[in-house]
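Undergrad: What follows is a structure written as structure tokens; I'll ask about it next.
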Amino acid sequence: MHAVQAHQAPGRRRAHARRHIPLALVTGAVLALGSIAPASADEPETDALWIAAPYDLVLPAAAADGSATANTIDVRIGHDNTHNSVTGGRLTVDASELAGVADVTWPATCTPAADQATATCDFGSLDSGGAYVSVAEIGLRAAAGAPADATGTLHFSADADSSFGPLTGYPADTAISLGDGPDLGLSQLPYRTGVLPGSDLAQPIRLTNHGNRSADRTLLTLFASHGLDLSQRFGNCTYLDDDERANQSGTTAVCVLDQPVEPGQEYDLSAAGAVRATGAALYERFDYSVDPYSDEAYQQAVAGRPFVQGTGADLVPAAVPAARTLSAAAEPDLNTGDNYRSTQITADNKADLIAVADDITSVAPGDTVHARVGVKNRGPAWVASLGAGEPVATIDVRLPEGTTVTGKPAGCDGTGVNTYTCRTPILLWEKADSTFDFTLRVDRVVDGGAKGSLATRNDNPDLRISAFDPQLANNTAEFTISGAN
């Protein structure tokens, strides 16, 4: 699958997939992993149908004998409102502009017209929890004798039947052109759930060259989030591990593979993908990408950070060829949309979040005091929202009467008189806390002390604390501001 577009109506805002996404996950840097947000409760009777297809695709030009490497476009359909049941529909594909540019192979789900230039592809239910559903994998290869500057466009439209009535998808296009060069691609790993901490996970990554030129060397980059350990430390890879202070929330590996990847060749990289779920595992990510090697690409991957060389045997995806001169440069990759992949791994684990607050004593009118409130993670798992990018905890805070807020911490918004909503970062390490310091002026001292309170919201739809926290009773707390005895 290549970089895709989800076309939209005017005025509707939707995210477009990027060509390259950094693998080091830091606070606030998030990748959406293919999900569609449900419609809001105040719009229960509306829905929209979306077509996800590549923006563009470069096909390897045909050889002198007319042979050409095939490629595939995976067209997916999704819709916004998960309250609406989409029972099935039709994708219409117009490939008439590709005459003399590329030959089309229609999948079994599509019924082509007599001239093979257009086809209608039936699809079934889209009730998949908000995820896009693959409805057609269309094969393409450069036409024999097509000139190097040949171009054309695939056009897509769709309609569907639903419990809300007929839906019509917004049109999408894929620009097709020809070129020469390697076209490296990685297979997509499935999402994993119910993984037990301490278990080893095999991940069958496949590397394929869909182009018509060899990639002399390749650069493989891996990222395993904090709750995962890479099973091996290869000698031809360098590693950068967890660093909470530097917002490095996992292990990044940068590997140089000296084996050429010839056109049409497939390599098994399962050894590189093998990970172990640690005792801290909960909501994890594993990212992996590949590019033709160049010195510049390597320097960009390590970005001056203190990577450490692995001490094990080299990662060798195939038999090492005879000695040869290795290039420091590389031909550009024809299509980079399938060079990067990411998958989610969810562990069967718990993280006990507790609300924390400190009492403040011996105050007098006119004093300035600091009220510290927040949440602590007693583990055993860390908690990170590496997909949705939501705060680990949203906390409703009520500050004691008789005080005025003169300093509001970052991450907190006022919701009323002395009431605030505070949001933690998107990750909270095991045994760590996230706190907010309010600066208060004491206007008057309340007899017996004035109480404040805080409570986490436990059912945020994008990160439900109730799904992983074994003790919700300690997600609320009170604190007191009192005068001298």
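A note on labels: chains of the structure tokens are A, B, ... as shown, every chain counts residues from 1, and ligands are counted from 1 in their shown order.
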Could you produce a table of the residues of stretch 227-336 of chain A lying within 7 Å of stretch 178-182 of chain A, with the nearest pair of atoms per residue and their separation in Å rounded to one decimal, using only C-alpha atoms, ordered by chain and increasing residue number, as JSON lines?
TA:
```
{"residue": "A:Glu331", "atom": "CA", "partner": "A:Gly181", "partner_atom": "CA", "distance": 6.2}
{"residue": "A:Pro332", "atom": "CA", "partner": "A:Gly181", "partner_atom": "CA", "distance": 6.6}
{"residue": "A:Asp333", "atom": "CA", "partner": "A:Pro182", "partner_atom": "CA", "distance": 5.3}
{"residue": "A:Leu334", "atom": "CA", "partner": "A:Gly181", "partner_atom": "CA", "distance": 6.0}
```
Undergrad: A:Pro292: which residues within 12 Å, counting only C-alpha atoms, same-chain residues fewer than 2 positions away excluded, as an MDAnalysis selection string?
TA: chainID A and resid 181:185 207 209 211 213:221 255:262 289:290 294:298 327:336 339
Undergrad: Which residues, written as a list in words, have at least one atom at most 7 Å from A:Val375, with only C-alpha atoms counted and residues fewer than 2 positions away on the same chain left out?
TA: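 In the requested format, the answer is Leu353, Ile354, Ala355, Val356, Asn377, Asp433, Ser434 and Thr435 of chain A.
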Undergrad: Considering only C-alpha atoms, return as an mmCIF file with N, CA and C atoms, in the first residue's frame whatever protein or nucleic-acid residues lie within 9 Å of stretch 398-412 of chain A, sequence-local ones (same chain, fewer than 6 positions apart) excluded.
TA:
```cif
data_model
loop_
_atom_site.group_PDB
_atom_site.id
_atom_site.type_symbol
_atom_site.label_atom_id
_atom_site.label_comp_id
_atom_site.auth_asym_id
_atom_site.auth_seq_id
_atom_site.Cartn_x
_atom_site.Cartn_y
_atom_site.Cartn_z
ATOM 1 N N THR A 368 0.798 33.758 49.537
ATOM 2 C CA THR A 368 0.827 33.101 48.238
ATOM 3 C C THR A 368 1.331 31.676 48.441
ATOM 4 N N ALA A 371 -0.376 24.994 45.129
ATOM 5 C CA ALA A 371 -1.174 23.766 45.242
ATOM 6 C C ALA A 371 -0.759 22.817 44.128
ATOM 7 N N ASN A 418 -12.611 28.845 40.095
ATOM 8 C CA ASN A 418 -11.718 27.909 40.801
ATOM 9 C C ASN A 418 -11.867 26.459 40.338
ATOM 10 N N THR A 419 -12.343 26.255 39.106
ATOM 11 C CA THR A 419 -12.411 24.896 38.550
ATOM 12 C C THR A 419 -11.628 24.857 37.244
ATOM 13 N N TYR A 420 -10.903 23.773 37.067
ATOM 14 C CA TYR A 420 -10.014 23.643 35.906
ATOM 15 C C TYR A 420 -10.047 22.210 35.390
ATOM 16 N N THR A 421 -9.718 22.065 34.123
ATOM 17 C CA THR A 421 -9.473 20.759 33.526
ATOM 18 C C THR A 421 -8.010 20.707 33.111
ATOM 19 N N CYS A 422 -7.292 19.704 33.599
ATOM 20 C CA CYS A 422 -5.860 19.566 33.322
ATOM 21 C C CYS A 422 -5.614 18.280 32.529
ATOM 22 N N ARG A 423 -4.719 18.363 31.568
ATOM 23 C CA ARG A 423 -4.433 17.214 30.708
ATOM 24 C C ARG A 423 -2.951 16.867 30.781
ATOM 25 N N THR A 424 -2.674 15.619 31.073
ATOM 26 C CA THR A 424 -1.295 15.149 31.145
ATOM 27 C C THR A 424 -0.720 15.011 29.742
ATOM 28 N N PRO A 425 0.590 14.764 29.605
ATOM 29 C CA PRO A 425 1.146 14.393 28.292
ATOM 30 C C PRO A 425 0.553 13.077 27.794
ATOM 31 N N PHE A 436 0.627 19.250 38.377
ATOM 32 C CA PHE A 436 0.307 20.610 37.954
ATOM 33 C C PHE A 436 0.364 21.505 39.189
ATOM 34 N N ASP A 437 1.133 22.584 39.119
ATOM 35 C CA ASP A 437 1.306 23.498 40.252
ATOM 36 C C ASP A 437 0.517 24.783 40.015
ATOM 37 N N PHE A 438 -0.509 24.997 40.835
ATOM 38 C CA PHE A 438 -1.282 26.232 40.805
ATOM 39 C C PHE A 438 -0.710 27.204 41.839
ATOM 40 N N THR A 439 -0.589 28.450 41.463
ATOM 41 C CA THR A 439 -0.218 29.494 42.417
ATOM 42 C C THR A 439 -1.497 30.172 42.906
ATOM 43 N N LEU A 440 -1.676 30.184 44.224
ATOM 44 C CA LEU A 440 -2.914 30.694 44.816
ATOM 45 C C LEU A 440 -2.615 31.834 45.777
ATOM 46 N N ARG A 441 -3.498 32.819 45.780
ATOM 47 C CA ARG A 441 -3.468 33.848 46.822
ATOM 48 C C ARG A 441 -4.556 33.513 47.834
ATOM 49 N N VAL A 442 -4.180 33.480 49.098
ATOM 50 C CA VAL A 442 -5.148 33.184 50.155
ATOM 51 C C VAL A 442 -5.884 34.478 50.488
ATOM 52 N N ASP A 443 -7.181 34.522 50.171
ATOM 53 C CA ASP A 443 -7.985 35.710 50.464
ATOM 54 C C ASP A 443 -8.552 35.661 51.877
ATOM 55 N N ARG A 444 -8.933 34.479 52.302
ATOM 56 C CA ARG A 444 -9.421 34.295 53.671
ATOM 57 C C ARG A 444 -9.196 32.853 54.089
ATOM 58 N N VAL A 445 -9.097 32.652 55.360
ATOM 59 C CA VAL A 445 -8.883 31.316 55.919
ATOM 60 C C VAL A 445 -10.223 30.776 56.387
ATOM 61 N N VAL A 446 -10.586 29.619 55.893
ATOM 62 C CA VAL A 446 -11.857 28.984 56.232
ATOM 63 C C VAL A 446 -11.678 28.166 57.504
ATOM 64 N N GLY A 449 -10.549 24.519 57.704
ATOM 65 C CA GLY A 449 -9.861 24.244 56.444
ATOM 66 C C GLY A 449 -10.809 24.225 55.260
ATOM 67 N N ALA A 450 -10.312 24.656 54.140
ATOM 68 C CA ALA A 450 -11.087 24.638 52.890
ATOM 69 C C ALA A 450 -10.602 23.495 52.015
ATOM 70 N N LYS A 451 -11.555 22.733 51.486
ATOM 71 C CA LYS A 451 -11.197 21.527 50.733
ATOM 72 C C LYS A 451 -11.212 21.783 49.225
ATOM 73 N N GLY A 452 -10.228 21.205 48.560
ATOM 74 C CA GLY A 452 -10.214 21.110 47.107
ATOM 75 C C GLY A 452 -10.294 19.646 46.707
ATOM 76 N N SER A 453 -10.523 19.393 45.446
ATOM 77 C CA SER A 453 -10.651 18.003 45.001
ATOM 78 C C SER A 453 -10.168 17.862 43.563
ATOM 79 N N LEU A 454 -9.899 16.637 43.195
ATOM 80 C CA LEU A 454 -9.561 16.320 41.810
ATOM 81 C C LEU A 454 -10.036 14.924 41.492
ATOM 82 N N PHE A 479 -7.821 17.614 49.024
ATOM 83 C CA PHE A 479 -6.729 18.249 49.755
ATOM 84 C C PHE A 479 -7.295 19.469 50.471
ATOM 85 N N THR A 480 -6.562 19.921 51.462
ATOM 86 C CA THR A 480 -7.061 20.988 52.340
ATOM 87 C C THR A 480 -6.051 22.127 52.437
ATOM 88 N N ILE A 481 -6.576 23.371 52.430
ATOM 89 C CA ILE A 481 -5.792 24.547 52.793
ATOM 90 C C ILE A 481 -6.314 25.026 54.147
#
```
Undergrad: Mind listing the strand (DSSP E) residues of stretch 203-385 of chain A, per DSSP on the backbone, as a ChimeraX atom specification?
TA: /A:206-209,218-225,228-230,237-240,250-257,266-268,275-277,283-292,308-309,340-347,351-357,360-363,368-380,383-384
